[in-house]
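**Q** What follows is entry-v1.cif; its format and atoms are mmCIF, N, CA, C and O atoms.
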data_final
loop_
_atom_site.label_atom_id
_atom_site.label_comp_id
_atom_site.auth_asym_id
_atom_site.auth_seq_id
_atom_site.Cartn_x
_atom_site.Cartn_y
_atom_site.Cartn_z
N VAL N 215 -6.29 29.68 -17.00
CA VAL N 215 -4.93 29.57 -16.50
C VAL N 215 -4.98 29.28 -15.00
O VAL N 215 -5.68 29.95 -14.25
N ILE N 216 -4.23 28.30 -14.59
CA ILE N 216 -4.18 27.92 -13.18
C ILE N 216 -3.04 28.68 -12.52
O ILE N 216 -1.90 28.65 -12.98
N SER N 217 -3.34 29.37 -11.45
CA SER N 217 -2.31 30.14 -10.75
C SER N 217 -1.41 29.20 -9.94
O SER N 217 -1.76 28.06 -9.65
N ASN N 218 -0.26 29.73 -9.58
CA ASN N 218 0.67 28.95 -8.75
C ASN N 218 0.05 28.61 -7.40
O ASN N 218 0.25 27.53 -6.88
N LEU N 219 -0.72 29.54 -6.83
CA LEU N 219 -1.36 29.30 -5.54
C LEU N 219 -2.35 28.14 -5.65
O LEU N 219 -2.40 27.27 -4.79
N THR N 220 -3.11 28.10 -6.74
CA THR N 220 -4.06 27.01 -6.95
C THR N 220 -3.33 25.68 -7.06
O THR N 220 -3.75 24.68 -6.48
N ARG N 221 -2.22 25.67 -7.78
CA ARG N 221 -1.43 24.43 -7.90
C ARG N 221 -0.92 23.96 -6.55
O ARG N 221 -0.97 22.78 -6.23
N VAL N 222 -0.40 24.89 -5.76
CA VAL N 222 0.14 24.53 -4.44
C VAL N 222 -0.98 24.00 -3.55
O VAL N 222 -0.82 22.97 -2.89
N CYS N 223 -2.12 24.67 -3.53
CA CYS N 223 -3.25 24.23 -2.69
C CYS N 223 -3.75 22.86 -3.13
O CYS N 223 -4.01 22.00 -2.30
N PHE N 224 -3.87 22.65 -4.44
CA PHE N 224 -4.34 21.36 -4.94
C PHE N 224 -3.34 20.27 -4.58
O PHE N 224 -3.71 19.20 -4.14
N SER N 225 -2.06 20.55 -4.77
CA SER N 225 -1.02 19.58 -4.46
C SER N 225 -1.06 19.20 -2.98
O SER N 225 -0.98 18.04 -2.62
N TRP N 226 -1.19 20.20 -2.11
CA TRP N 226 -1.22 19.95 -0.68
C TRP N 226 -2.45 19.13 -0.30
O TRP N 226 -2.36 18.16 0.45
N ALA N 227 -3.62 19.49 -0.85
CA ALA N 227 -4.86 18.77 -0.53
C ALA N 227 -4.76 17.32 -0.99
O ALA N 227 -5.18 16.41 -0.29
N LYS N 228 -4.23 17.11 -2.18
CA LYS N 228 -4.08 15.76 -2.70
C LYS N 228 -3.15 14.94 -1.80
O LYS N 228 -3.42 13.80 -1.47
N GLN N 229 -2.05 15.56 -1.40
CA GLN N 229 -1.08 14.88 -0.54
C GLN N 229 -1.73 14.50 0.79
O GLN N 229 -1.56 13.39 1.28
N GLN N 230 -2.48 15.40 1.38
CA GLN N 230 -3.13 15.13 2.65
C GLN N 230 -4.15 14.00 2.53
O GLN N 230 -4.25 13.16 3.40
N SER N 231 -4.92 13.98 1.47
CA SER N 231 -5.97 12.99 1.34
C SER N 231 -5.44 11.61 1.02
O SER N 231 -6.09 10.62 1.28
N GLU N 232 -4.26 11.53 0.43
CA GLU N 232 -3.73 10.24 0.01
C GLU N 232 -2.78 9.60 1.01
O GLU N 232 -2.46 8.44 0.87
N SER N 233 -2.33 10.35 1.96
CA SER N 233 -1.37 9.77 2.89
C SER N 233 -2.10 9.02 4.01
O SER N 233 -3.25 9.31 4.32
N THR N 234 -1.42 8.05 4.55
CA THR N 234 -1.98 7.33 5.69
C THR N 234 -1.26 7.81 6.94
O THR N 234 -0.07 8.13 6.90
N ASP N 235 -1.97 7.88 8.04
CA ASP N 235 -1.29 8.30 9.26
C ASP N 235 -0.50 7.12 9.84
O ASP N 235 -0.59 6.00 9.35
N GLN N 236 0.26 7.39 10.86
CA GLN N 236 1.17 6.37 11.42
C GLN N 236 0.41 5.15 11.94
O GLN N 236 0.85 4.02 11.74
N ALA N 237 -0.73 5.37 12.58
CA ALA N 237 -1.51 4.23 13.11
C ALA N 237 -2.05 3.36 11.98
O ALA N 237 -2.01 2.13 12.06
N GLN N 238 -2.55 4.01 10.92
CA GLN N 238 -3.05 3.25 9.77
C GLN N 238 -1.90 2.47 9.14
O GLN N 238 -2.05 1.28 8.83
N TYR N 239 -0.78 3.14 8.94
CA TYR N 239 0.39 2.50 8.34
C TYR N 239 0.81 1.29 9.16
O TYR N 239 1.08 0.22 8.61
N GLN N 240 0.87 1.44 10.47
CA GLN N 240 1.32 0.35 11.33
C GLN N 240 0.38 -0.85 11.24
O GLN N 240 0.83 -1.99 11.18
N GLN N 241 -0.92 -0.59 11.19
CA GLN N 241 -1.87 -1.70 11.10
C GLN N 241 -1.74 -2.40 9.74
O GLN N 241 -1.76 -3.63 9.68
N LEU N 242 -1.59 -1.62 8.67
CA LEU N 242 -1.40 -2.22 7.35
C LEU N 242 -0.11 -3.04 7.32
O LEU N 242 -0.08 -4.16 6.81
N GLU N 243 0.94 -2.50 7.90
CA GLU N 243 2.23 -3.19 7.93
C GLU N 243 2.13 -4.49 8.74
O GLU N 243 2.68 -5.52 8.33
N ASP N 244 1.44 -4.45 9.87
CA ASP N 244 1.26 -5.66 10.69
C ASP N 244 0.55 -6.76 9.91
O ASP N 244 0.95 -7.93 9.96
N VAL N 245 -0.49 -6.39 9.20
CA VAL N 245 -1.22 -7.37 8.39
C VAL N 245 -0.32 -7.89 7.28
O VAL N 245 -0.28 -9.10 7.01
N PHE N 246 0.43 -6.99 6.65
CA PHE N 246 1.33 -7.40 5.56
C PHE N 246 2.35 -8.43 6.05
O PHE N 246 2.64 -9.41 5.35
N LEU N 247 2.90 -8.22 7.22
CA LEU N 247 3.91 -9.15 7.74
C LEU N 247 3.32 -10.53 8.00
O LEU N 247 4.02 -11.53 7.86
N ARG N 248 2.04 -10.60 8.35
CA ARG N 248 1.38 -11.90 8.55
C ARG N 248 0.94 -12.50 7.22
O ARG N 248 0.99 -13.72 7.04
N ASP N 249 0.48 -11.64 6.29
CA ASP N 249 -0.07 -12.12 5.03
C ASP N 249 0.11 -11.05 3.95
O ASP N 249 -0.69 -10.12 3.87
N PRO N 250 1.14 -11.19 3.11
CA PRO N 250 1.36 -10.18 2.07
C PRO N 250 0.32 -10.21 0.95
O PRO N 250 0.24 -9.28 0.15
N LEU N 251 -0.49 -11.26 0.89
CA LEU N 251 -1.55 -11.37 -0.12
C LEU N 251 -2.90 -11.61 0.56
O LEU N 251 -3.49 -12.69 0.45
N PRO N 252 -3.41 -10.60 1.28
CA PRO N 252 -4.67 -10.81 1.99
C PRO N 252 -5.85 -10.95 1.03
O PRO N 252 -5.81 -10.45 -0.10
N SER N 253 -6.88 -11.60 1.50
CA SER N 253 -8.09 -11.78 0.68
C SER N 253 -8.81 -10.45 0.51
O SER N 253 -8.57 -9.48 1.24
N ARG N 254 -9.71 -10.43 -0.45
CA ARG N 254 -10.51 -9.23 -0.69
C ARG N 254 -11.30 -8.88 0.57
O ARG N 254 -11.39 -7.72 0.97
N LYS N 255 -11.82 -9.90 1.23
CA LYS N 255 -12.60 -9.68 2.45
C LYS N 255 -11.74 -9.03 3.54
O LYS N 255 -12.20 -8.11 4.23
N THR N 256 -10.52 -9.49 3.69
CA THR N 256 -9.61 -8.91 4.68
C THR N 256 -9.31 -7.46 4.34
O THR N 256 -9.31 -6.59 5.22
N LYS N 257 -9.06 -7.18 3.06
CA LYS N 257 -8.77 -5.80 2.65
C LYS N 257 -9.98 -4.90 2.87
O LYS N 257 -9.83 -3.74 3.30
N GLU N 258 -11.17 -5.41 2.60
CA GLU N 258 -12.39 -4.62 2.82
C GLU N 258 -12.59 -4.33 4.31
O GLU N 258 -12.96 -3.22 4.69
N ARG N 259 -12.32 -5.33 5.16
CA ARG N 259 -12.43 -5.13 6.61
C ARG N 259 -11.44 -4.09 7.08
O ARG N 259 -11.77 -3.19 7.85
N LEU N 260 -10.20 -4.20 6.60
CA LEU N 260 -9.17 -3.23 6.97
C LEU N 260 -9.57 -1.83 6.54
O LEU N 260 -9.40 -0.87 7.30
N ALA N 261 -10.07 -1.70 5.33
CA ALA N 261 -10.47 -0.39 4.82
C ALA N 261 -11.53 0.23 5.73
O ALA N 261 -11.45 1.40 6.09
N GLN N 262 -12.50 -0.58 6.12
CA GLN N 262 -13.56 -0.08 6.99
C GLN N 262 -13.00 0.33 8.35
O GLN N 262 -13.33 1.40 8.87
N GLU N 263 -12.14 -0.49 8.93
CA GLU N 263 -11.55 -0.19 10.23
C GLU N 263 -10.70 1.08 10.20
O GLU N 263 -10.66 1.83 11.16
N LEU N 264 -9.99 1.28 9.08
CA LEU N 264 -9.04 2.39 8.98
C LEU N 264 -9.64 3.65 8.38
O LEU N 264 -8.97 4.69 8.33
N GLY N 265 -10.87 3.56 7.90
CA GLY N 265 -11.49 4.73 7.29
C GLY N 265 -10.90 5.06 5.93
O GLY N 265 -10.85 6.22 5.53
N LEU N 266 -10.44 4.04 5.22
CA LEU N 266 -9.89 4.20 3.88
C LEU N 266 -10.81 3.49 2.89
O LEU N 266 -11.64 2.68 3.28
N THR N 267 -10.61 3.77 1.62
CA THR N 267 -11.36 3.02 0.61
C THR N 267 -10.68 1.67 0.41
O THR N 267 -9.48 1.53 0.65
N ALA N 268 -11.46 0.70 -0.05
CA ALA N 268 -10.91 -0.62 -0.33
C ALA N 268 -9.83 -0.50 -1.41
O ALA N 268 -8.82 -1.21 -1.37
N ARG N 269 -10.03 0.40 -2.36
CA ARG N 269 -9.05 0.61 -3.43
C ARG N 269 -7.72 1.11 -2.87
O ARG N 269 -6.66 0.65 -3.28
N LYS N 270 -7.75 2.03 -1.91
CA LYS N 270 -6.51 2.54 -1.32
C LYS N 270 -5.76 1.43 -0.58
O LYS N 270 -4.54 1.34 -0.64
N VAL N 271 -6.51 0.58 0.10
CA VAL N 271 -5.88 -0.54 0.80
C VAL N 271 -5.28 -1.51 -0.21
O VAL N 271 -4.14 -1.97 -0.05
N GLN N 272 -6.01 -1.79 -1.28
CA GLN N 272 -5.50 -2.68 -2.33
C GLN N 272 -4.21 -2.13 -2.92
O GLN N 272 -3.22 -2.86 -3.06
N VAL N 273 -4.20 -0.86 -3.25
CA VAL N 273 -3.01 -0.23 -3.84
C VAL N 273 -1.87 -0.23 -2.84
O VAL N 273 -0.71 -0.47 -3.20
N TRP N 274 -2.17 0.00 -1.55
CA TRP N 274 -1.11 -0.01 -0.53
C TRP N 274 -0.42 -1.38 -0.52
O TRP N 274 0.80 -1.46 -0.49
N PHE N 275 -1.21 -2.46 -0.56
CA PHE N 275 -0.63 -3.80 -0.56
C PHE N 275 0.17 -4.07 -1.83
O PHE N 275 1.24 -4.67 -1.77
N GLN N 276 -0.33 -3.63 -2.98
CA GLN N 276 0.42 -3.79 -4.22
C GLN N 276 1.76 -3.07 -4.14
O GLN N 276 2.80 -3.64 -4.50
N ASN N 277 1.74 -1.84 -3.66
CA ASN N 277 2.97 -1.07 -3.54
C ASN N 277 3.92 -1.68 -2.51
O ASN N 277 5.14 -1.70 -2.71
N ARG N 278 3.37 -2.20 -1.43
CA ARG N 278 4.21 -2.80 -0.38
C ARG N 278 4.87 -4.08 -0.87
O ARG N 278 6.04 -4.34 -0.56
N ARG N 279 4.12 -4.88 -1.66
CA ARG N 279 4.74 -6.09 -2.24
C ARG N 279 5.84 -5.71 -3.23
O ARG N 279 6.89 -6.35 -3.25
N ALA N 280 5.61 -4.68 -4.01
CA ALA N 280 6.64 -4.22 -4.96
C ALA N 280 7.88 -3.75 -4.20
O ALA N 280 9.00 -4.06 -4.61
N LYS N 281 7.68 -3.05 -3.10
CA LYS N 281 8.80 -2.59 -2.28
C LYS N 281 9.57 -3.79 -1.73
O LYS N 281 10.81 -3.82 -1.75
N GLU N 282 8.85 -4.78 -1.25
CA GLU N 282 9.49 -5.98 -0.70
C GLU N 282 10.31 -6.71 -1.77
O GLU N 282 11.44 -7.12 -1.53
N ARG N 283 9.73 -6.86 -2.95
CA ARG N 283 10.45 -7.52 -4.05
C ARG N 283 11.72 -6.75 -4.41
O ARG N 283 12.77 -7.34 -4.64
N ARG N 284 11.59 -5.42 -4.49
CA ARG N 284 12.73 -4.58 -4.82
C ARG N 284 13.85 -4.73 -3.77
O ARG N 284 15.01 -4.90 -4.10
N GLN N 285 13.47 -4.72 -2.49
CA GLN N 285 14.46 -4.87 -1.43
C GLN N 285 15.13 -6.24 -1.49
O GLN N 285 16.35 -6.35 -1.30
N LEU N 286 14.36 -7.28 -1.75
CA LEU N 286 14.93 -8.63 -1.85
C LEU N 286 15.87 -8.74 -3.04
O LEU N 286 16.94 -9.34 -2.93
N ARG N 287 15.47 -8.15 -4.17
CA ARG N 287 16.34 -8.15 -5.36
C ARG N 287 17.66 -7.44 -5.07
O ARG N 287 18.73 -7.91 -5.46
N GLU N 288 17.59 -6.31 -4.37
CA GLU N 288 18.80 -5.57 -4.02
C GLU N 288 19.72 -6.38 -3.12
O GLU N 288 20.93 -6.20 -3.13
N MET N 289 19.14 -7.29 -2.34
CA MET N 289 19.94 -8.14 -1.46
C MET N 289 20.38 -9.42 -2.17
O MET N 289 21.08 -10.25 -1.60
N GLY N 290 19.95 -9.60 -3.42
CA GLY N 290 20.33 -10.77 -4.20
C GLY N 290 19.55 -12.02 -3.83
O GLY N 290 20.01 -13.14 -4.06
N ILE N 291 18.36 -11.85 -3.27
CA ILE N 291 17.53 -12.98 -2.86
C ILE N 291 16.44 -13.18 -3.90
O ILE N 291 15.80 -12.24 -4.34
N ASN N 292 16.22 -14.45 -4.27
CA ASN N 292 15.15 -14.78 -5.21
C ASN N 292 13.83 -14.63 -4.48
O ASN N 292 13.51 -15.40 -3.58
N ASP N 293 13.02 -13.64 -4.88
CA ASP N 293 11.79 -13.34 -4.17
C ASP N 293 10.63 -14.25 -4.51
O ASP N 293 9.62 -14.23 -3.86
N SER N 294 10.76 -15.10 -5.51
CA SER N 294 9.62 -15.92 -5.93
C SER N 294 9.23 -16.95 -4.87
O SER N 294 8.07 -17.35 -4.79
N THR N 295 10.17 -17.35 -4.03
CA THR N 295 9.83 -18.31 -2.99
C THR N 295 9.27 -17.63 -1.76
O THR N 295 8.54 -18.23 -0.98
N ILE N 296 9.59 -16.35 -1.59
CA ILE N 296 9.13 -15.60 -0.43
C ILE N 296 7.81 -14.91 -0.70
O ILE N 296 6.87 -14.98 0.11
N LEU N 297 7.71 -14.24 -1.84
CA LEU N 297 6.49 -13.54 -2.25
C LEU N 297 6.03 -14.09 -3.59
O LEU N 297 6.34 -13.54 -4.62
N PRO N 298 5.29 -15.17 -3.59
CA PRO N 298 4.86 -15.74 -4.85
C PRO N 298 3.95 -14.78 -5.60
O PRO N 298 3.18 -14.05 -5.01
N ASN N 299 4.04 -14.83 -6.91
CA ASN N 299 3.17 -14.03 -7.76
C ASN N 299 1.76 -14.60 -7.63
O ASN N 299 1.55 -15.79 -7.81
N PRO N 300 0.77 -13.75 -7.30
CA PRO N 300 -0.59 -14.27 -7.10
C PRO N 300 -1.19 -14.89 -8.36
O PRO N 300 -2.15 -15.63 -8.28
N TRP N 301 -0.62 -14.61 -9.54
CA TRP N 301 -1.14 -15.14 -10.79
C TRP N 301 -0.32 -16.33 -11.27
O TRP N 301 -0.54 -16.85 -12.34
N GLY N 302 0.66 -16.76 -10.47
CA GLY N 302 1.43 -17.95 -10.78
C GLY N 302 2.39 -17.80 -11.95
O GLY N 302 2.81 -18.77 -12.54
N GLU N 303 2.75 -16.58 -12.28
CA GLU N 303 3.66 -16.35 -13.41
C GLU N 303 5.10 -16.32 -12.96
O GLU N 303 5.42 -16.02 -11.87
#
Would you write the structure of this file as structure tokens?
**A**
Amino acid sequence: VISNLTRVCFSWAKQQSESTDQAQYQQLEDVFLRDPLPSRKTKERLAQELGLTARKVQVWFQNRRAKERRQLREMGINDSTILPNPWGE
């Protein structure tokens, strides 16, 4: 049986390890504004510079593109011309 204290501690530790600090976020955001679909090499370089895993950087970009599409949809803008699907669908 997992105690409530264990759940709280695990939740807090997970939250701390998965969040990006403001400087990391700003650098990721700056790159996204220049190139929302960076190459694998660019993402690997960013991960190394920021002290994150390449997977976390990849997921951050996926989530950021999804956020951008959602915001554009809410504004009634066709996002396919702004953020093309990388698979051409």
**Q** Taking only N, CA, C and O atoms into account, name the residue in N:Arg287, N:Lys281, N:Asp235, N:Gln241 that is nearest to Leu260 in chain N.
**A**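 Going through N:Arg287, N:Lys281, N:Asp235, N:Gln241 one by one, the smallest distance to Leu260 in chain N is for N:Gln241.
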**Q** Using atom O of Lys270 in chain N and atom O of Asn292 in chain N as the two end points, give the distance in Å to one decimal.
**A**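 Between atom O of Lys270 in chain N and atom O of Asn292 in chain N the gap works out to 24.8 Å.
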**Q** Considering only C-alpha atoms, can you say which of N:Ile291, N:Glu263, N:Pro250, N:Gln236 comes closest to Asn277 in chain N?
**A**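 Of N:Ile291, N:Glu263, N:Pro250, N:Gln236, the one nearest Asn277 in chain N, counting only C-alpha atoms, is N:Pro250.
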**Q** Using only C-alpha atoms, pick whichever of N:Thr234, N:Gly265, N:Glu282, N:Gln272 has the shortest atom-to-atom distance to Leu247 in chain N.
**A**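 Between N:Thr234, N:Gly265, N:Glu282, N:Gln272, the residue approaching Leu247 in chain N most closely is N:Glu282.
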**Q** N:Glu243, N:Ala280, N:Gln238, N:Arg269: which is nearest Lys257 in chain N, counting all atoms listed in the file?
**A**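 Distance minimum relative to Lys257 in chain N lands on N:Arg269.
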**Q** Between atom N of Leu251 in chain N and atom O of Phe275 in chain N, what is the spacing in Å?
**A**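 Atom N of Leu251 in chain N lies at a distance of 7.3 Å from atom O of Phe275 in chain N.
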**Q** Rank N:Leu266, N:Glu258, N:Met289, N:Val271 by their smallest atom-to-atom distance to Leu242 in chain N, using all atoms listed in the file, and report the top residue only.
**A**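 Of N:Leu266, N:Glu258, N:Met289, N:Val271, the one nearest Leu242 in chain N, counting all atoms listed in the file, is N:Val271.
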**Q** Name the closest residue to Leu264 in chain N among the candidates N:Pro252, N:Gln285, N:Phe246, N:Ala237; distances are taken between atoms, counting only N, CA, C and O atoms.
**A**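 Distance minimum relative to Leu264 in chain N lands on N:Ala237.
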**Q** Measure the distance from CA of Trp274 in chain N to atom C of Glu288 in chain N in Å and round it to one decimal.
**A** 21.9 Å
**Q** All heavy atoms for range 232-243 of chain N, written as a PDB file, in the frame of the given file, could you do that?
**A**
ATOM      1  N   GLU N 232      -4.260  11.530   0.430  1.00  0.00           N
ATOM      2  CA  GLU N 232      -3.730  10.240   0.010  1.00  0.00           C
ATOM      3  C   GLU N 232      -2.780   9.600   1.010  1.00  0.00           C
ATOM      4  O   GLU N 232      -2.460   8.440   0.870  1.00  0.00           O
ATOM      5  CB  GLU N 232      -3.035  10.385  -1.347  1.00  0.00           C
ATOM      6  CG  GLU N 232      -4.013  10.680  -2.463  1.00  0.00           C
ATOM      7  CD  GLU N 232      -3.340  10.782  -3.803  1.00  0.00           C
ATOM      8  OE1 GLU N 232      -2.099  10.679  -3.864  1.00  0.00           O
ATOM      9  OE2 GLU N 232      -4.061  10.974  -4.782  1.00  0.00           O
ATOM     10  N   SER N 233      -2.330  10.350   1.960  1.00  0.00           N
ATOM     11  CA  SER N 233      -1.370   9.770   2.890  1.00  0.00           C
ATOM     12  C   SER N 233      -2.100   9.020   4.010  1.00  0.00           C
ATOM     13  O   SER N 233      -3.250   9.310   4.320  1.00  0.00           O
ATOM     14  CB  SER N 233      -0.472  10.859   3.481  1.00  0.00           C
ATOM     15  OG  SER N 233      -1.248  11.745   4.250  1.00  0.00           O
ATOM     16  N   THR N 234      -1.420   8.050   4.550  1.00  0.00           N
ATOM     17  CA  THR N 234      -1.980   7.330   5.690  1.00  0.00           C
ATOM     18  C   THR N 234      -1.260   7.810   6.940  1.00  0.00           C
ATOM     19  O   THR N 234      -0.070   8.130   6.900  1.00  0.00           O
ATOM     20  CB  THR N 234      -1.773   5.812   5.548  1.00  0.00           C
ATOM     21  OG1 THR N 234      -0.382   5.541   5.402  1.00  0.00           O
ATOM     22  CG2 THR N 234      -2.522   5.257   4.359  1.00  0.00           C
ATOM     23  N   ASP N 235      -1.970   7.880   8.040  1.00  0.00           N
ATOM     24  CA  ASP N 235      -1.290   8.300   9.260  1.00  0.00           C
ATOM     25  C   ASP N 235      -0.500   7.120   9.840  1.00  0.00           C
ATOM     26  O   ASP N 235      -0.590   6.000   9.350  1.00  0.00           O
ATOM     27  CB  ASP N 235      -2.278   8.913  10.260  1.00  0.00           C
ATOM     28  CG  ASP N 235      -3.260   7.908  10.848  1.00  0.00           C
ATOM     29  OD1 ASP N 235      -2.955   6.704  10.877  1.00  0.00           O
ATOM     30  OD2 ASP N 235      -4.332   8.348  11.286  1.00  0.00           O
ATOM     31  N   GLN N 236       0.260   7.390  10.860  1.00  0.00           N
ATOM     32  CA  GLN N 236       1.170   6.370  11.420  1.00  0.00           C
ATOM     33  C   GLN N 236       0.410   5.150  11.940  1.00  0.00           C
ATOM     34  O   GLN N 236       0.850   4.020  11.740  1.00  0.00           O
ATOM     35  CB  GLN N 236       2.024   6.987  12.525  1.00  0.00           C
ATOM     36  CG  GLN N 236       3.133   6.087  13.017  1.00  0.00           C
ATOM     37  CD  GLN N 236       4.141   5.731  11.940  1.00  0.00           C
ATOM     38  OE1 GLN N 236       4.452   6.539  11.074  1.00  0.00           O
ATOM     39  NE2 GLN N 236       4.643   4.521  11.974  1.00  0.00           N
ATOM     40  N   ALA N 237      -0.730   5.370  12.580  1.00  0.00           N
ATOM     41  CA  ALA N 237      -1.510   4.230  13.110  1.00  0.00           C
ATOM     42  C   ALA N 237      -2.050   3.360  11.980  1.00  0.00           C
ATOM     43  O   ALA N 237      -2.010   2.130  12.060  1.00  0.00           O
ATOM     44  CB  ALA N 237      -2.646   4.745  13.988  1.00  0.00           C
ATOM     45  N   GLN N 238      -2.550   4.010  10.920  1.00  0.00           N
ATOM     46  CA  GLN N 238      -3.050   3.250   9.770  1.00  0.00           C
ATOM     47  C   GLN N 238      -1.900   2.470   9.140  1.00  0.00           C
ATOM     48  O   GLN N 238      -2.050   1.280   8.830  1.00  0.00           O
ATOM     49  CB  GLN N 238      -3.657   4.185   8.735  1.00  0.00           C
ATOM     50  CG  GLN N 238      -4.955   4.812   9.148  1.00  0.00           C
ATOM     51  CD  GLN N 238      -5.378   5.903   8.184  1.00  0.00           C
ATOM     52  OE1 GLN N 238      -4.556   6.646   7.661  1.00  0.00           O
ATOM     53  NE2 GLN N 238      -6.682   5.994   7.950  1.00  0.00           N
ATOM     54  N   TYR N 239      -0.780   3.140   8.940  1.00  0.00           N
ATOM     55  CA  TYR N 239       0.390   2.500   8.340  1.00  0.00           C
ATOM     56  C   TYR N 239       0.810   1.290   9.160  1.00  0.00           C
ATOM     57  O   TYR N 239       1.080   0.220   8.610  1.00  0.00           O
ATOM     58  CB  TYR N 239       1.547   3.489   8.220  1.00  0.00           C
ATOM     59  CG  TYR N 239       2.816   2.845   7.741  1.00  0.00           C
ATOM     60  CD1 TYR N 239       3.023   2.579   6.399  1.00  0.00           C
ATOM     61  CD2 TYR N 239       3.805   2.459   8.645  1.00  0.00           C
ATOM     62  CE1 TYR N 239       4.175   1.952   5.953  1.00  0.00           C
ATOM     63  CE2 TYR N 239       4.952   1.834   8.215  1.00  0.00           C
ATOM     64  CZ  TYR N 239       5.132   1.593   6.873  1.00  0.00           C
ATOM     65  OH  TYR N 239       6.274   0.965   6.445  1.00  0.00           O
ATOM     66  N   GLN N 240       0.870   1.440  10.470  1.00  0.00           N
ATOM     67  CA  GLN N 240       1.320   0.350  11.330  1.00  0.00           C
ATOM     68  C   GLN N 240       0.380  -0.850  11.240  1.00  0.00           C
ATOM     69  O   GLN N 240       0.830  -1.990  11.180  1.00  0.00           O
ATOM     70  CB  GLN N 240       1.464   0.809  12.778  1.00  0.00           C
ATOM     71  CG  GLN N 240       2.171  -0.199  13.651  1.00  0.00           C
ATOM     72  CD  GLN N 240       3.557  -0.548  13.132  1.00  0.00           C
ATOM     73  OE1 GLN N 240       4.397   0.324  12.937  1.00  0.00           O
ATOM     74  NE2 GLN N 240       3.810  -1.824  12.902  1.00  0.00           N
ATOM     75  N   GLN N 241      -0.920  -0.590  11.190  1.00  0.00           N
ATOM     76  CA  GLN N 241      -1.870  -1.700  11.100  1.00  0.00           C
ATOM     77  C   GLN N 241      -1.740  -2.400   9.740  1.00  0.00           C
ATOM     78  O   GLN N 241      -1.760  -3.630   9.680  1.00  0.00           O
ATOM     79  CB  GLN N 241      -3.301  -1.207  11.313  1.00  0.00           C
ATOM     80  CG  GLN N 241      -4.271  -2.358  11.478  1.00  0.00           C
ATOM     81  CD  GLN N 241      -5.624  -1.923  11.997  1.00  0.00           C
ATOM     82  OE1 GLN N 241      -5.820  -0.778  12.371  1.00  0.00           O
ATOM     83  NE2 GLN N 241      -6.559  -2.849  12.015  1.00  0.00           N
ATOM     84  N   LEU N 242      -1.590  -1.620   8.670  1.00  0.00           N
ATOM     85  CA  LEU N 242      -1.400  -2.220   7.350  1.00  0.00           C
ATOM     86  C   LEU N 242      -0.110  -3.040   7.320  1.00  0.00           C
ATOM     87  O   LEU N 242      -0.080  -4.160   6.810  1.00  0.00           O
ATOM     88  CB  LEU N 242      -1.361  -1.132   6.277  1.00  0.00           C
ATOM     89  CG  LEU N 242      -2.684  -0.454   5.969  1.00  0.00           C
ATOM     90  CD1 LEU N 242      -2.453   0.836   5.190  1.00  0.00           C
ATOM     91  CD2 LEU N 242      -3.608  -1.386   5.212  1.00  0.00           C
ATOM     92  N   GLU N 243       0.940  -2.500   7.900  1.00  0.00           N
ATOM     93  CA  GLU N 243       2.230  -3.190   7.930  1.00  0.00           C
ATOM     94  C   GLU N 243       2.130  -4.490   8.740  1.00  0.00           C
ATOM     95  O   GLU N 243       2.680  -5.520   8.330  1.00  0.00           O
ATOM     96  CB  GLU N 243       3.295  -2.257   8.524  1.00  0.00           C
ATOM     97  CG  GLU N 243       4.697  -2.758   8.389  1.00  0.00           C
ATOM     98  CD  GLU N 243       5.210  -2.795   6.956  1.00  0.00           C
ATOM     99  OE1 GLU N 243       4.774  -1.998   6.118  1.00  0.00           O
ATOM    100  OE2 GLU N 243       6.066  -3.661   6.677  1.00  0.00           O
TER     101      GLU N 243
END
